[in-house]
>>> print(open('protein10.txt').read())   # compact mmCIF, C-alpha atoms
# COMPACT_ATOMS: atom_id res chain seq x y z
CA MET U 1 16.69 -17.14 5.66
CA ALA U 2 16.02 -17.21 1.94
CA CYS U 3 12.64 -16.99 0.29
CA GLY U 4 11.43 -20.35 -0.97
CA THR U 5 9.27 -21.55 -3.83
CA THR U 6 7.03 -24.03 -2.04
CA SER U 7 3.42 -22.99 -2.32
CA LEU U 8 1.96 -22.01 1.03
CA TRP U 9 -1.28 -20.14 0.42
CA ALA U 10 -3.17 -17.85 -1.93
CA GLY U 11 -5.59 -15.07 -1.21
CA GLU U 12 -5.93 -11.35 -0.84
CA THR U 13 -3.29 -9.08 0.59
CA THR U 14 -3.85 -5.64 2.04
CA TRP U 15 -1.35 -3.22 3.58
CA PHE U 16 -0.84 -1.64 6.96
CA CYS U 17 1.56 0.69 8.69
CA CYS U 18 3.66 -0.15 11.71
CA GLY U 19 6.70 1.01 13.60
CA GLY U 20 5.72 4.63 13.95
CA SER U 21 5.38 7.03 11.11
CA TRP U 22 3.42 10.14 10.19
CA GLY U 23 -0.28 10.76 10.75
CA PRO U 24 -2.39 8.02 12.30
CA CYS U 25 0.48 5.62 11.74
CA GLY U 26 2.44 7.56 14.34
CA SER U 27 0.55 5.74 17.06
CA THR U 28 1.19 2.25 15.77
CA GLY U 29 3.78 0.19 17.53
CA THR U 30 6.21 -2.36 16.23
CA GLY U 31 3.62 -5.09 16.06
CA ALA U 32 3.12 -8.41 17.78
CA CYS U 33 6.71 -9.41 17.10
CA GLY U 34 8.16 -6.09 18.21
CA THR U 35 10.11 -5.60 14.99
CA CYS U 36 7.67 -4.24 12.41
CA GLN U 37 8.62 -1.17 10.35
CA SER U 38 6.67 0.32 7.47
CA ASN U 39 9.79 0.96 5.41
CA ALA U 40 10.96 -2.67 5.50
CA HIS U 41 9.71 -5.67 3.57
CA MET U 42 7.61 -7.15 6.34
CA ALA U 43 4.22 -8.77 6.75
CA ALA U 44 1.51 -9.65 9.19
CA TRP U 45 0.32 -13.26 9.24
CA PRO U 46 -3.02 -14.28 10.76
CA ASN U 47 -1.68 -17.28 12.64
CA THR U 48 1.58 -16.33 14.32
CA SER U 49 0.34 -17.78 17.61
CA GLN U 50 -2.83 -19.05 19.23
CA ALA U 51 -3.49 -15.62 20.69
CA CYS U 52 -3.12 -14.12 17.23
CA PHE U 53 -5.38 -16.73 15.66
CA ASP U 54 -8.03 -16.05 18.28
CA ILE U 55 -8.15 -12.45 17.03
CA THR U 56 -7.98 -12.96 13.28
CA ARG U 57 -10.03 -16.20 13.03
CA PRO U 58 -9.43 -16.98 9.34
CA ASP U 59 -11.14 -20.33 9.96
CA LEU U 60 -14.45 -18.47 10.14
CA CYS U 61 -13.90 -17.63 6.47
CA GLY U 62 -12.93 -21.20 5.62
CA GLU U 63 -9.18 -20.54 5.67
CA SER U 64 -7.27 -23.18 7.66
CA ILE U 65 -4.15 -21.09 7.66
CA VAL U 66 -1.08 -22.77 9.04
CA ARG U 67 0.92 -21.33 11.90
CA ARG U 68 4.06 -19.42 11.03
CA GLY U 69 5.77 -17.48 13.75
CA CYS U 70 7.63 -14.21 13.96
CA GLY U 71 10.65 -14.18 11.69
CA SER U 72 9.20 -16.58 9.14
CA VAL U 73 10.07 -15.66 5.59
CA MET U 74 7.61 -15.74 2.70
CA ASN U 75 7.62 -14.82 -0.94
CA VAL U 76 4.49 -12.92 -1.97
CA LYS U 77 3.76 -12.85 -5.69
CA HIS U 78 1.17 -10.79 -7.52
CA GLN U 79 -1.21 -13.22 -9.17
CA CYS U 80 -1.13 -11.50 -12.54
CA SER U 81 1.99 -9.39 -12.94
CA GLY U 82 4.30 -11.97 -11.42
CA ALA U 83 6.06 -9.28 -9.39
CA SER U 84 7.17 -10.68 -6.06
CA VAL U 85 8.60 -9.54 -2.78
CA CYS U 86 10.31 -11.46 -0.01
CA VAL U 87 8.91 -10.55 3.41
CA THR U 88 9.54 -11.38 7.04
CA VAL U 89 6.59 -11.98 9.37
CA ALA U 90 6.62 -9.21 11.97
CA ASP U 91 3.03 -8.85 13.16
CA CYS U 92 -0.32 -10.56 13.60
CA GLY U 93 -2.98 -9.81 11.01
CA PRO U 94 -5.04 -9.12 8.99
CA ARG U 95 -8.42 -9.43 10.73
CA THR U 96 -9.59 -12.00 8.23
CA LYS U 97 -12.88 -12.69 9.99
CA SER U 98 -14.05 -9.10 9.58
CA PHE U 99 -14.00 -9.31 5.79
CA CYS U 100 -15.03 -12.88 4.92
CA GLY U 101 -15.67 -13.27 1.23
CA GLU U 102 -13.89 -10.11 0.14
CA SER U 103 -11.94 -10.64 -3.03
CA ALA U 104 -9.26 -9.00 -5.13
CA CYS U 105 -9.17 -9.73 -8.84
CA CYS U 106 -7.01 -9.29 -11.89
CA ASN U 107 -7.53 -10.48 -15.43
CA GLY U 108 -10.82 -11.98 -14.41
CA THR U 109 -9.42 -14.24 -11.70
CA CYS U 110 -10.08 -13.44 -8.05
CA ARG U 111 -8.56 -14.41 -4.71
CA THR U 112 -10.84 -14.42 -1.71
CA ASN U 113 -10.25 -13.55 1.94
CA ARG U 114 -7.52 -11.46 3.52
CA VAL U 115 -4.69 -13.84 4.31
CA ILE U 116 -1.68 -11.55 4.65
CA ASP U 117 -0.95 -7.89 5.32
CA LEU U 118 2.12 -6.18 3.86
CA THR U 119 4.00 -3.09 4.94
CA PRO U 120 3.91 -0.16 2.48
CA ALA U 121 7.43 -0.98 1.36
CA ALA U 122 6.49 -4.55 0.53
CA PHE U 123 3.07 -3.84 -0.97
CA SER U 124 4.36 -1.09 -3.24
CA ALA U 125 7.02 -3.42 -4.58
CA ILE U 126 4.31 -5.53 -6.21
CA GLY U 127 1.45 -3.10 -6.73
CA ASN U 128 -0.32 0.14 -6.07
CA LEU U 129 -0.90 1.36 -2.51
CA SER U 130 -4.05 3.21 -3.55
CA SER U 131 -5.63 -0.04 -4.72
CA GLY U 132 -5.56 -1.21 -1.09
CA LYS U 133 -5.63 -4.89 -1.96
CA LEU U 134 -4.11 -7.36 -4.38
CA PRO U 135 -4.56 -11.02 -5.31
CA VAL U 136 -1.42 -12.96 -4.43
CA TYR U 137 0.25 -16.33 -4.20
CA ILE U 138 2.38 -16.98 -1.13
CA TYR U 139 5.44 -19.24 -1.08
CA GLU U 140 7.93 -20.25 1.56
CA MET O 1 3.55 -15.12 -16.17
CA SER O 2 0.87 -15.70 -18.74
CA HIS O 3 1.20 -14.34 -22.23
CA ASN O 4 -1.32 -11.61 -21.66
CA GLN O 5 0.88 -10.05 -19.02
CA GLN O 6 3.82 -9.58 -21.33
CA PRO O 7 2.79 -6.17 -22.63
CA ALA O 8 2.36 -4.90 -19.09
CA ARG O 9 5.82 -6.02 -18.08
CA ARG O 10 7.36 -4.55 -21.17
CA GLY O 11 5.54 -1.37 -20.29
CA GLY O 12 7.14 -1.49 -16.85
CA LEU O 13 10.59 -1.90 -18.30
CA ASP O 14 10.01 0.89 -20.76
CA ARG O 15 8.70 3.05 -17.97
CA ARG O 16 11.75 2.45 -15.84
CA ARG O 17 14.12 3.23 -18.69
CA PHE O 18 12.15 6.33 -19.44
CA LEU O 19 12.09 7.35 -15.81
CA THR O 20 15.81 7.01 -15.42
CA THR O 21 16.43 8.92 -18.60
CA ALA O 22 14.01 11.63 -17.57
CA ALA O 23 15.72 12.08 -14.22
CA LEU O 24 19.18 12.23 -15.73
CA GLY O 25 18.23 14.34 -18.70
CA GLY O 26 16.07 16.99 -17.15
CA ALA O 27 12.70 15.34 -17.56
CA THR O 28 11.91 16.51 -21.05
CA ILE O 29 9.13 14.42 -22.50
CA VAL O 30 8.78 14.38 -26.25
CA GLY O 31 5.48 12.57 -26.29
CA ALA O 32 3.24 10.62 -24.01
CA SER O 33 3.12 7.75 -26.43
CA ALA O 34 6.77 7.08 -25.69
CA LEU O 35 5.63 5.32 -22.54
CA GLY O 36 2.08 4.38 -23.04
CA GLY O 37 1.98 4.42 -19.27
CA LEU O 38 1.52 8.03 -18.34
CA ASP O 39 -2.03 7.23 -17.35
CA ALA O 40 -1.87 7.52 -13.57
CA ASP O 41 -3.84 4.39 -12.75
CA ALA O 42 -1.78 2.29 -15.09
CA ALA O 43 1.42 3.72 -13.72
CA PHE O 44 0.46 3.10 -10.10
CA ALA O 45 -0.66 -0.42 -10.87
CA GLU O 46 2.56 -1.25 -12.58
CA PRO O 47 4.98 -3.01 -10.26
CA MET O 48 8.64 -2.38 -10.78
CA PRO O 49 10.29 -5.44 -12.25
CA SER O 50 14.04 -5.35 -12.36
CA LEU O 51 15.42 -3.57 -15.39
CA ASP O 52 18.87 -4.87 -14.87
CA PRO O 53 20.04 -8.00 -13.04
CA ALA O 54 22.25 -5.73 -10.96
CA ILE O 55 19.14 -3.95 -9.70
CA SER O 56 17.31 -6.48 -7.58
CA GLN O 57 14.29 -4.40 -6.77
CA SER O 58 12.79 -0.96 -6.75
CA ALA O 59 13.82 1.68 -4.25
CA PHE O 60 11.41 2.81 -1.55
CA ALA O 61 11.27 5.85 0.69
CA GLU O 62 8.95 6.86 3.52
CA GLY O 63 8.75 10.00 5.62
CA ARG O 64 7.66 13.61 5.76
CA ILE O 65 8.59 16.33 3.31
CA THR O 66 10.81 18.96 4.86
CA ALA O 67 11.55 21.02 1.76
CA ILE O 68 10.76 21.18 -1.93
CA LYS O 69 13.59 22.45 -4.10
CA GLY O 70 12.68 22.51 -7.74
CA SER O 71 11.70 18.99 -8.65
CA VAL O 72 13.34 17.41 -5.60
CA LEU O 73 11.45 16.55 -2.43
CA GLU O 74 13.57 16.46 0.70
CA VAL O 75 12.17 13.82 3.02
CA ALA O 76 12.92 13.06 6.65
CA GLY O 77 12.36 9.36 7.17
CA SER O 78 10.60 8.08 10.25
CA TYR O 79 13.69 6.18 11.37
CA GLY O 80 16.23 8.97 11.21
CA ASP O 81 17.04 8.51 7.56
CA HIS O 82 16.84 11.12 4.82
CA HIS O 83 15.81 10.89 1.19
CA LEU O 84 15.92 13.07 -1.88
CA ILE O 85 13.02 12.24 -4.17
CA GLN O 86 13.49 13.33 -7.75
CA MET O 87 10.15 14.05 -9.40
CA THR O 88 10.02 13.74 -13.15
CA ASN O 89 7.35 14.23 -15.75
CA ALA O 90 6.89 10.47 -15.57
CA THR O 91 6.21 10.40 -11.82
CA SER O 92 2.67 9.49 -10.88
CA VAL O 93 1.27 11.28 -7.84
CA TRP O 94 -1.62 10.18 -5.61
CA LYS O 95 -3.08 12.47 -2.98
CA LEU O 96 -6.60 11.29 -2.23
CA ARG O 97 -6.85 10.80 -5.97
CA PRO O 98 -4.42 10.74 -8.89
CA THR O 99 -3.14 14.29 -9.14
CA THR O 100 -0.04 16.34 -9.94
CA ALA O 101 3.11 17.32 -8.09
CA ALA O 102 1.66 20.81 -7.64
CA GLU O 103 -0.56 19.38 -4.88
CA ILE O 104 2.42 18.26 -2.78
CA GLY O 105 3.38 20.46 0.15
CA VAL O 106 5.98 20.72 2.91
CA GLY O 107 4.76 18.74 5.91
CA ASP O 108 3.06 16.08 3.83
CA GLY O 109 3.89 12.46 4.47
CA LEU O 110 4.70 10.16 1.60
CA TYR O 111 5.63 6.75 0.36
CA ALA O 112 7.69 6.78 -2.82
CA ARG O 113 8.72 4.02 -5.19
CA GLY O 114 11.40 4.51 -7.77
CA VAL O 115 14.91 3.89 -8.93
CA ASP O 116 18.14 4.66 -7.09
CA MET O 117 20.16 7.17 -9.07
CA PRO O 118 23.93 7.57 -9.07
CA ASP O 119 23.68 10.97 -7.37
CA GLY O 120 21.91 9.47 -4.36
CA THR O 121 18.42 10.59 -5.26
CA ILE O 122 15.50 8.31 -5.94
CA ALA O 123 13.88 8.97 -9.29
CA ALA O 124 10.26 8.41 -8.37
CA ASP O 125 7.99 6.25 -10.43
CA ALA O 126 5.08 6.71 -8.03
CA VAL O 127 4.50 8.88 -5.00
CA TRP O 128 1.61 8.33 -2.61
CA VAL O 129 1.11 11.47 -0.53
CA ASN O 130 -0.42 11.22 2.96
CA ILE O 131 -1.95 7.86 2.09
CA VAL O 132 -3.24 5.77 4.98
CA ASN O 133 -5.02 2.41 5.03
CA LEU O 134 -6.44 1.92 8.50
CA TYR O 135 -8.28 -0.95 10.12
CA CYS O 136 -10.85 0.83 12.29
CA THR O 137 -14.04 0.48 14.23
CA VAL O 138 -16.84 2.93 13.42
CA ARG O 139 -17.58 4.87 16.61
CA GLY O 140 -19.82 7.60 15.27
CA ILE O 141 -21.47 8.72 12.04
CA ALA O 142 -22.20 12.33 11.11
CA LYS O 143 -23.26 13.93 7.88
CA ASP O 144 -19.77 14.93 6.88
CA ARG O 145 -17.53 12.66 8.91
CA LEU O 146 -16.98 9.31 10.54
CA HIS O 147 -15.58 8.95 14.01
CA LEU O 148 -13.23 6.00 14.04
CA ALA O 149 -11.07 4.09 16.48
CA HIS O 150 -7.81 2.77 15.09
CA GLY O 151 -5.18 0.37 16.33
CA ASP O 152 -4.66 -1.69 19.44
CA HIS O 153 -5.14 1.35 21.63
CA ASN O 154 -8.26 2.61 19.84
CA HIS O 155 -6.81 5.95 18.88
CA ALA O 156 -9.51 8.34 17.75
CA VAL O 157 -9.43 9.26 14.08
CA VAL O 158 -11.82 11.63 12.33
CA GLY O 159 -12.55 10.54 8.79
CA ARG O 160 -13.92 13.29 6.57
CA ILE O 161 -16.48 12.38 3.95
CA VAL O 162 -15.44 14.12 0.74
CA PRO O 163 -18.30 14.84 -1.65
CA GLU O 164 -17.95 13.14 -5.03
CA THR O 165 -14.89 11.29 -3.78
CA THR O 166 -15.69 9.09 -0.79
CA THR O 167 -17.06 5.67 -1.69
CA ALA O 168 -18.00 2.58 0.26
CA SER O 169 -17.88 -1.15 -0.31
CA TYR O 170 -20.18 -3.46 1.64
CA LEU O 171 -19.42 -7.14 2.12
CA GLY O 172 -17.00 -7.13 -0.77
CA GLY O 173 -19.46 -5.49 -3.15
CA ALA O 174 -18.80 -2.84 -5.76
CA LEU O 175 -17.87 0.69 -4.72
CA THR O 176 -20.80 3.02 -4.20
CA PRO O 177 -21.19 6.64 -3.06
CA ASP O 178 -24.03 5.45 -0.79
CA LEU O 179 -22.76 5.56 2.79
CA SER O 180 -26.14 4.93 4.39
CA ARG O 181 -25.37 1.32 5.23
CA LEU O 182 -22.52 2.18 7.57
CA ARG O 183 -23.28 1.29 11.17
CA ILE O 184 -21.72 2.14 14.49
CA GLY O 185 -19.66 -0.75 15.76
CA GLN O 186 -18.73 -2.07 12.33
CA SER O 187 -15.15 -2.98 11.51
CA ALA O 188 -13.98 -0.91 8.58
CA GLN O 189 -10.93 -0.50 6.39
CA VAL O 190 -10.41 3.16 5.59
CA LEU O 191 -8.18 4.17 2.71
CA GLY O 192 -7.63 7.88 2.50
CA ALA O 193 -5.34 10.85 2.75
CA TRP O 194 -4.18 12.23 6.09
CA ARG O 195 -4.50 16.01 6.50
CA PRO O 196 -1.46 17.35 8.38
CA GLU O 197 -3.19 20.66 9.07
CA ASP O 198 -5.87 19.17 11.32
CA ASP O 199 -4.83 15.53 11.75
CA THR O 200 -8.00 14.21 10.15
CA VAL O 201 -8.27 11.83 7.20
CA ASP O 202 -10.07 12.51 3.93
CA ILE O 203 -11.72 9.20 3.09
CA ALA O 204 -11.29 7.83 -0.39
CA ARG O 205 -12.86 4.47 0.34
CA VAL O 206 -14.37 2.75 3.35
CA THR O 207 -14.78 -1.01 3.24
CA VAL O 208 -16.97 -2.80 5.72
CA GLY O 209 -17.49 -6.49 6.16
CA HIS O 210 -19.36 -8.37 8.82
>>> encode(input="protein10.txt", output="structure tokens")
Amino acid sequence: MACGTTSLWAGETTWFCCGGSWGPCGSTGTGACGTCQSNAHMAAWPNTSQACFDITRPDLCGESIVRRGCGSVMNVKHQCSGASVCVTVADCGPRTKSFCGESACCNGTCRTNRVIDLTPAAFSAIGNLSSGKLPVYIYE
Amino acid sequence: MSHNQQPARRGGLDRRRFLTTAALGGATIVGASALGGLDADAAFAEPMPSLDPAISQSAFAEGRITAIKGSVLEVAGSYGDHHLIQMTNATSVWKLRPTTAAEIGVGDGLYARGVDMPDGTIAADAVWVNIVNLYCTVRGIAKDRLHLAHGDHNHAVVGRIVPETTTASYLGGALTPDLSRLRIGQSAQVLGAWRPEDDTVDIARVTVGH
């Protein structure tokens, strides 16, 4: 499935590890979809299912995020640099409700609330892992 | 892209050209001003736009370092793959903080971003050593460490508080060295550097929300 250009959402992205790796990431599994790998361009979406939504609860932060299931494809674009990466949904996350109001900014413009998590491979394609978060636009 | 991003993207292209040249030519740098991007923060922040239409995106590698031979890191990937990471004078290194390649050791884990080279190596633009970014619950607080539970199975992680390095952010606020507002039971995002020698994590930044 190809990445599209229809606007889906905007917000803050963070990154996470999955699929087994070194250190604390060695204990992570392959995610809610059973396919997640840190070295692939993959993502976690906070509404892959009702059970997922019940955990992440983006609505508590005012985000009525639409449901997109495992295997959905999205294009994630850095708000300022324009760098983008095409990702496949492979897990449930982030825990939006735990960080309501958190924002990531660039050039004086901020995006609020965690709405997507990227694997290290995907996140590093559009920004710096040590920043931990980025403001992004999401397309499908 | 707005006009005020153009210099940054040009910088990225220049950086990639420079990186490739450095890797092929023995990494001799005639002057930092050639890039304008040798500043580590700027280099890490710079995404890797395509230099050439034939190169769709940057290369990526993940795994643990098994050997260091000269300026090449031999890496065993977590999925049975292997990588040769070519370090150059233009490679930015993060290990708890921006640092140098001298801090990298055998046994370290890494994520590397760079450019695929004809000889099969990846000329690294940026290397993040032992970096982790964990969603945790705070289980205990001591003077020099946090006891954390990570992941669906609540694996125990010890997060070490590093003087003059560890910072906190509360409810999306600015970073502060004041950790006194951390509470047991809070959800926290911990960005830091894993320590292979004792399986703890040096905390660079802990972010707590509600």
>>> residues_around(input="protein10.txt", residues="segment 84-98 of chain U", least_positions_apart="5", cutoff="8 Å", atoms="all atoms listed in the file", output="JSON, numbers by chain")
{"U": [3, 14, 30, 31, 32, 33, 34, 35, 36, 41, 42, 43, 44, 45, 46, 47, 48, 52, 55, 56, 57, 58, 59, 60, 61, 69, 70, 71, 72, 73, 74, 75, 76, 77, 78, 113, 114, 115, 116, 117, 122, 125, 126], "O": [187, 208, 209, 210]}
>>> atom_distance(input="protein10.txt", atom1="atom CA of Thr88 of chain O", atom2="atom CA of Glu103 of chain O")
14.6 Å
>>> interface_residues(input="protein10.txt", of="chain U", to="chain O", cutoff="8 Å", atoms="all atoms listed in the file", output="MDAnalysis selection string")
chainID U and resid 15:17 20:25 27:28 38:39 80:83 97:103 120:121 124:132
>>> residues_around(input="protein10.txt", residues="Leu8 of chain U", least_positions_apart="3", cutoff="9 Å", atoms="all atoms listed in the file", output="PyMOL selection string")
chain U and resi 5+66+74+137-140
>>> closest_residue(input="protein10.txt", among="U:Ala104, U:Glu12, U:Cys18, U:Gln37", to="Ala174 of chain O", atoms="all atoms listed in the file")
U:Ala104
>>> atom_distance(input="protein10.txt", atom1="atom CA of Gly19 of chain U", atom2="atom CA of Thr166 of chain O")
27.8 Å
>>> atom_distance(input="protein10.txt", atom1="atom CA of Gly11 of chain U", atom2="atom CA of Ser92 of chain O")
27.7 Å
>>> axis_aligned_box(input="protein10.txt", around="segment 103-107 of chain U", padding_each_side="3 Å", output="AutoDock Vina command-line options")
--center_x -9.5 --center_y -9.8 --center_z -9.2 --size_x 10.9 --size_y 7.6 --size_z 18.4
>>> residues_around(input="protein10.txt", residues="Ala101 of chain O", least_positions_apart="3", cutoff="9 Å", atoms="only C-alpha atoms", output="list of chain:residue names")
O:Ser71, O:Met87, O:Thr91, O:Ser92, O:Val93, O:Trp94, O:Ile104, O:Gly105
>>> closest_residue(input="protein10.txt", among="O:Val115, O:Ala123, O:Ile68, O:Leu182", to="His147 of chain O", atoms="all atoms listed in the file")
O:Leu182
>>> closest_residue(input="protein10.txt", among="O:Ile203, O:Ala124, O:Asn89, O:Thr176", to="Arg160 of chain O", atoms="only C-alpha atoms")
O:Ile203
>>> closest_residue(input="protein10.txt", among="U:Ser7, U:Gln79, U:Ser64, U:Ser49", to="Cys110 of chain U", atoms="all atoms listed in the file")
U:Gln79
